[in-house]
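Engineer: Sending over a structure as structure tokens; questions will come in a sec.
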Amino acid sequence: MIQIKFITSIQQIDANTWDNLARGASPFCQYHFLQVLETSGSVGPGTGWFVQHCIASINNEIVAILPLYKKTHSYGEYVFDFAWANAYREHGIQYYPKLIAAIPFTPVTSSKLMIRQGYNFDSLLKDVCQKIEQHLEQFAMSSMHWLFVEEDLSKRLDAHNFTTRRSVQFEWFNRGYGNFDHYLATMNARRRRSITKERKKIAKENVVIHRFSGDAITPQHMAFFYECYKQTYLKRSGHEGYLTQAFFTQLHQTMTNHLLLVVAEQDDEYIASSLFLFDENQLCGRYWGALQEVSGLHFECCYYQGIEFCIEHKISRFNPGTQGEHKILRGFEPIYCYSNHKLKELAFHEAVERFIQQEDLQINAYKENAAKLLPFKQESEQPTPTASLGK
């Protein structure tokens, strides 16, 4: 018989047990990433994020895990439901707390329900959904939201009355490029010249770009990066960012082999930095900051250096972060992202369903129009890939 429980800290489960189930998922689903969010104070008391991870066991063997959080606000999710919360408030009903299956502050599609091989996915999903319904009722939570799930899981959730909502992100795909020039050769002449000019302009500003990964990243590098991250948030939002300095320090200590750090140096001083996480399949650009403004430096540190890294390491895709139409002209292609939602109040759930149906027409049109702006040559004009990625 299956037993399902909710834990209030990832440290209540063994790290190897968690990572064995999360094998093949993104670095953000790994035990140490989620643990560092907790131990650094980036989630937990005072943050509006409360751990509720779902653990399923059969005969005392853990067979499935689902990262879950109780939320008392909607910040740091990147699937916006503020209008839904406002509608609840206008009708005198509490929208918070709510429950979400998500990786905090991380709008990256990844496995959410991670199941041990050999167990029936649909059966476990049904049991988990039923237990979540009971959990919502027991703790007076308004709704359940699955964020940035894979398309297959989204379809399965739709069958359990979790309404599917689509959004659009932009990703770069490695089609066997030999180097960055080979990648540029797939573009029309205008965009090829524009990108080349952008990169040359950085060099003319006496800016030197460094890439560090693994053991080459030092504590001093991470301390500098945090200063960039903090200053950029202060300029844009008036606060120092969702993630604490302890988060980045501990991330460096526990996940070094998954980190890529790009640092920009001008006149012998570091001036900007971007931090990525990666595995053998995907590079994810997540954090950026600059102490000095240099035209085009963001594109260099956050996009072009990431593309070069993927080509060199034969990584098949690159997610540079959410939003940003400026990515399209640099070769990042529009893709769908999926989330699924169920609200306990039936009238509100039906209203949200209608809203999502109307929104989806706009999302579909947006994706189609974005794809038309991609700068690539016609397929017949494309250079021949140099080698298979073997992924």
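We name chains A, B, ... following the order of the structure tokens; residues begin at 1 in each chain, and ligands are numbered from 1 as shown.
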Identify, on the basis of only C-alpha atoms, every residue whose closest approach to range 348-359 of chain A does not exceed 8 Å; exclude the query and any residue fewer than 2 positions from it along the same chain; express the result as an NGL selection string.
Structural biologist: :A and (84 or 163-165 or 342-346 or 361-363)
Engineer: Store the residues picked out above in a file with C-alpha atoms, as a compact mmCIF listing (two decimals), in the first residue's frame.
Structural biologist:
```txt
# COMPACT_ATOMS: atom_id res chain seq x y z
CA TRP A 84 -6.54 35.71 -9.60
CA THR A 163 -6.13 23.25 -16.14
CA THR A 164 -3.17 23.62 -18.50
CA ARG A 165 -1.75 27.10 -19.01
CA LYS A 342 -6.71 23.82 -9.79
CA LEU A 343 -8.65 26.18 -7.51
CA LYS A 344 -10.84 24.72 -4.76
CA GLU A 345 -13.61 27.29 -5.28
CA LEU A 346 -15.42 25.87 -8.31
CA LEU A 361 -5.08 32.29 -28.28
CA GLN A 362 -2.83 35.28 -27.64
CA ILE A 363 0.05 33.06 -26.46
```
Engineer: Give me, as a ChimeraX atom specification, all polymer residues having an atom no more than 10 Å from Ile93 in chain A, counting only C-alpha atoms and skipping those fewer than 5 positions away in the same chain.
Structural biologist: /A:85-88,142,345
Engineer: Identify, on the basis of only C-alpha atoms, every residue whose closest approach to Leu37 in chain A does not exceed 8 Å; exclude the query and any residue fewer than 4 positions from it along the same chain; express the result as an mmCIF file with C-alpha atoms, in the first residue's frame.
Structural biologist:
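Result file follows (selection-v2.cif):
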```
data_model
loop_
_atom_site.group_PDB
_atom_site.id
_atom_site.type_symbol
_atom_site.label_atom_id
_atom_site.label_comp_id
_atom_site.auth_asym_id
_atom_site.auth_seq_id
_atom_site.Cartn_x
_atom_site.Cartn_y
_atom_site.Cartn_z
ATOM 1 C CA PHE A 33 20.201 23.023 -4.651
ATOM 2 C CA GLY A 41 17.359 31.420 4.496
ATOM 3 C CA SER A 42 16.258 32.070 0.894
ATOM 4 C CA VAL A 43 13.118 30.012 1.634
ATOM 5 C CA LEU A 243 18.666 34.946 -2.849
ATOM 6 C CA PHE A 247 22.912 30.862 -0.853
#
```
Engineer: Skipping near chain neighbours, those fewer than 2 positions away, what residues fall within 8 Å of Glu77 in chain A using only C-alpha atoms, listed as a ChimeraX atom specification?
Structural biologist: /A:74-75,79-80,102,104-107,147
Engineer: Could the residues in this selection be written to a file with N, CA, C and O atoms, as a CSV table (one decimal), in the first residue's frame?
Structural biologist:
```csv
chain,number,residue,atom,x,y,z
A,74,SER,N,2.8,35.6,-4.2
A,74,SER,CA,3.0,35.0,-5.6
A,74,SER,C,4.3,35.4,-6.2
A,74,SER,O,4.5,35.3,-7.4
A,75,TYR,N,5.3,35.9,-5.4
A,75,TYR,CA,6.5,36.4,-6.0
A,75,TYR,C,7.5,35.2,-6.2
A,75,TYR,O,7.5,34.2,-5.5
A,79,VAL,N,5.1,32.5,-13.1
A,79,VAL,CA,3.8,32.2,-13.7
A,79,VAL,C,2.8,33.1,-13.0
A,79,VAL,O,2.4,32.8,-11.8
A,80,PHE,N,2.3,34.2,-13.6
A,80,PHE,CA,1.7,35.2,-12.8
A,80,PHE,C,0.2,35.0,-12.6
A,80,PHE,O,-0.6,34.8,-13.5
A,102,ALA,N,7.1,23.5,-7.5
A,102,ALA,CA,8.0,24.4,-8.3
A,102,ALA,C,9.3,24.4,-7.6
A,102,ALA,O,9.5,24.0,-6.5
A,104,PRO,N,11.9,27.2,-6.4
A,104,PRO,CA,11.8,28.6,-6.1
A,104,PRO,C,12.7,29.4,-7.0
A,104,PRO,O,13.9,29.1,-7.2
A,105,PHE,N,12.2,30.5,-7.5
A,105,PHE,CA,12.9,31.6,-8.2
A,105,PHE,C,13.6,31.0,-9.5
A,105,PHE,O,14.6,31.5,-10.0
A,106,THR,N,13.0,29.9,-10.0
A,106,THR,CA,13.7,29.2,-11.1
A,106,THR,C,12.6,28.8,-12.2
A,106,THR,O,12.0,27.8,-12.2
A,107,PRO,N,12.5,29.7,-13.2
A,107,PRO,CA,11.5,29.4,-14.3
A,107,PRO,C,12.1,28.5,-15.4
A,107,PRO,O,12.2,28.9,-16.5
A,147,LEU,N,4.2,24.3,-11.7
A,147,LEU,CA,4.8,25.3,-12.5
A,147,LEU,C,6.0,24.8,-13.3
A,147,LEU,O,6.8,24.0,-12.7
```
Engineer: Can you tell me, as a PyMOL selection string, which residues in range 12-179 of chain A count as alpha helix (DSSP H) by DSSP?
Structural biologist: chain A and resi 15-21+31-39+82-90+121-138+151-158
Engineer: For range 9-19 of chain A, please output as a ChimeraX atom specification all residues within 12 Å (counting only C-alpha atoms; exclusion window: fewer than 3 positions along the same chain).
Structural biologist: /A:5-6,22-39,43-45,49-57,61-69,113-116
Engineer: Identify, on the basis of only C-alpha atoms, every residue whose closest approach to Asp181 in chain A does not exceed 12 Å; exclude the query and any residue fewer than 4 positions from it along the same chain; express the result as an MDAnalysis selection string.
Structural biologist: chainID A and resid 177 185:187 192:193 195:196 304 307:308 311 383
Engineer: Dump N, CA, C and O atoms for the selected residues as a PDB file, in the first residue's frame?
Structural biologist:
```
ATOM      1  N   TYR A 177      27.043  22.622 -33.991  1.00  0.00           N
ATOM      2  CA  TYR A 177      27.945  23.681 -34.439  1.00  0.00           C
ATOM      3  C   TYR A 177      29.379  23.380 -34.022  1.00  0.00           C
ATOM      4  O   TYR A 177      29.633  22.913 -32.902  1.00  0.00           O
ATOM      5  N   ALA A 185      27.131  31.498 -39.120  1.00  0.00           N
ATOM      6  CA  ALA A 185      26.975  31.238 -40.554  1.00  0.00           C
ATOM      7  C   ALA A 185      25.571  30.753 -40.893  1.00  0.00           C
ATOM      8  O   ALA A 185      25.171  30.774 -42.068  1.00  0.00           O
ATOM      9  N   THR A 186      24.790  30.329 -39.884  1.00  0.00           N
ATOM     10  CA  THR A 186      23.412  29.895 -40.126  1.00  0.00           C
ATOM     11  C   THR A 186      22.453  31.081 -40.194  1.00  0.00           C
ATOM     12  O   THR A 186      21.279  30.902 -40.521  1.00  0.00           O
ATOM     13  N   MET A 187      22.953  32.303 -39.897  1.00  0.00           N
ATOM     14  CA  MET A 187      22.104  33.485 -39.829  1.00  0.00           C
ATOM     15  C   MET A 187      22.169  34.295 -41.118  1.00  0.00           C
ATOM     16  O   MET A 187      23.118  34.172 -41.905  1.00  0.00           O
ATOM     17  N   ARG A 192      24.179  38.526 -38.729  1.00  0.00           N
ATOM     18  CA  ARG A 192      25.563  38.078 -38.535  1.00  0.00           C
ATOM     19  C   ARG A 192      26.479  39.274 -38.318  1.00  0.00           C
ATOM     20  O   ARG A 192      27.313  39.276 -37.404  1.00  0.00           O
ATOM     21  N   ARG A 193      26.302  40.301 -39.141  1.00  0.00           N
ATOM     22  CA  ARG A 193      27.120  41.519 -38.989  1.00  0.00           C
ATOM     23  C   ARG A 193      26.826  42.213 -37.667  1.00  0.00           C
ATOM     24  O   ARG A 193      27.739  42.705 -37.001  1.00  0.00           O
ATOM     25  N   ILE A 195      25.727  40.967 -34.756  1.00  0.00           N
ATOM     26  CA  ILE A 195      26.287  40.253 -33.602  1.00  0.00           C
ATOM     27  C   ILE A 195      27.807  40.382 -33.575  1.00  0.00           C
ATOM     28  O   ILE A 195      28.407  40.602 -32.514  1.00  0.00           O
ATOM     29  N   THR A 196      28.421  40.272 -34.725  1.00  0.00           N
ATOM     30  CA  THR A 196      29.880  40.430 -34.801  1.00  0.00           C
ATOM     31  C   THR A 196      30.289  41.820 -34.330  1.00  0.00           C
ATOM     32  O   THR A 196      31.271  41.981 -33.581  1.00  0.00           O
ATOM     33  N   TYR A 304      26.114  35.170 -25.471  1.00  0.00           N
ATOM     34  CA  TYR A 304      27.144  34.671 -26.383  1.00  0.00           C
ATOM     35  C   TYR A 304      28.137  33.747 -25.685  1.00  0.00           C
ATOM     36  O   TYR A 304      28.545  32.725 -26.248  1.00  0.00           O
ATOM     37  N   ILE A 307      26.415  30.410 -25.285  1.00  0.00           N
ATOM     38  CA  ILE A 307      26.372  29.662 -26.547  1.00  0.00           C
ATOM     39  C   ILE A 307      27.724  29.014 -26.829  1.00  0.00           C
ATOM     40  O   ILE A 307      27.803  27.832 -27.192  1.00  0.00           O
ATOM     41  N   GLU A 308      28.803  29.779 -26.653  1.00  0.00           N
ATOM     42  CA  GLU A 308      30.139  29.219 -26.884  1.00  0.00           C
ATOM     43  C   GLU A 308      30.412  28.038 -25.953  1.00  0.00           C
ATOM     44  O   GLU A 308      30.991  27.026 -26.376  1.00  0.00           O
ATOM     45  N   ILE A 311      28.572  24.972 -27.228  1.00  0.00           N
ATOM     46  CA  ILE A 311      29.222  24.407 -28.412  1.00  0.00           C
ATOM     47  C   ILE A 311      30.466  23.629 -28.005  1.00  0.00           C
ATOM     48  O   ILE A 311      30.694  22.495 -28.449  1.00  0.00           O
ATOM     49  N   PRO A 383      24.593  25.801 -43.458  1.00  0.00           N
ATOM     50  CA  PRO A 383      25.818  25.005 -43.554  1.00  0.00           C
ATOM     51  C   PRO A 383      25.606  23.622 -42.964  1.00  0.00           C
ATOM     52  O   PRO A 383      24.731  23.414 -42.120  1.00  0.00           O
TER      53      PRO A 383
END
```
Engineer: Could you check the closest approach to Leu136 in chain A for each of A:His326, A:Phe276, A:Lys70, A:Val168 and tell me which residue wins, using only C-alpha atoms?
Structural biologist: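 That would be A:Lys70, the residue with the smallest distance to Leu136 in chain A.
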Engineer: Would you mind reading off the distance between CA of Leu251 in chain A and CA of His221 in chain A, one decimal, in Å?
Structural biologist: 12.8 Å
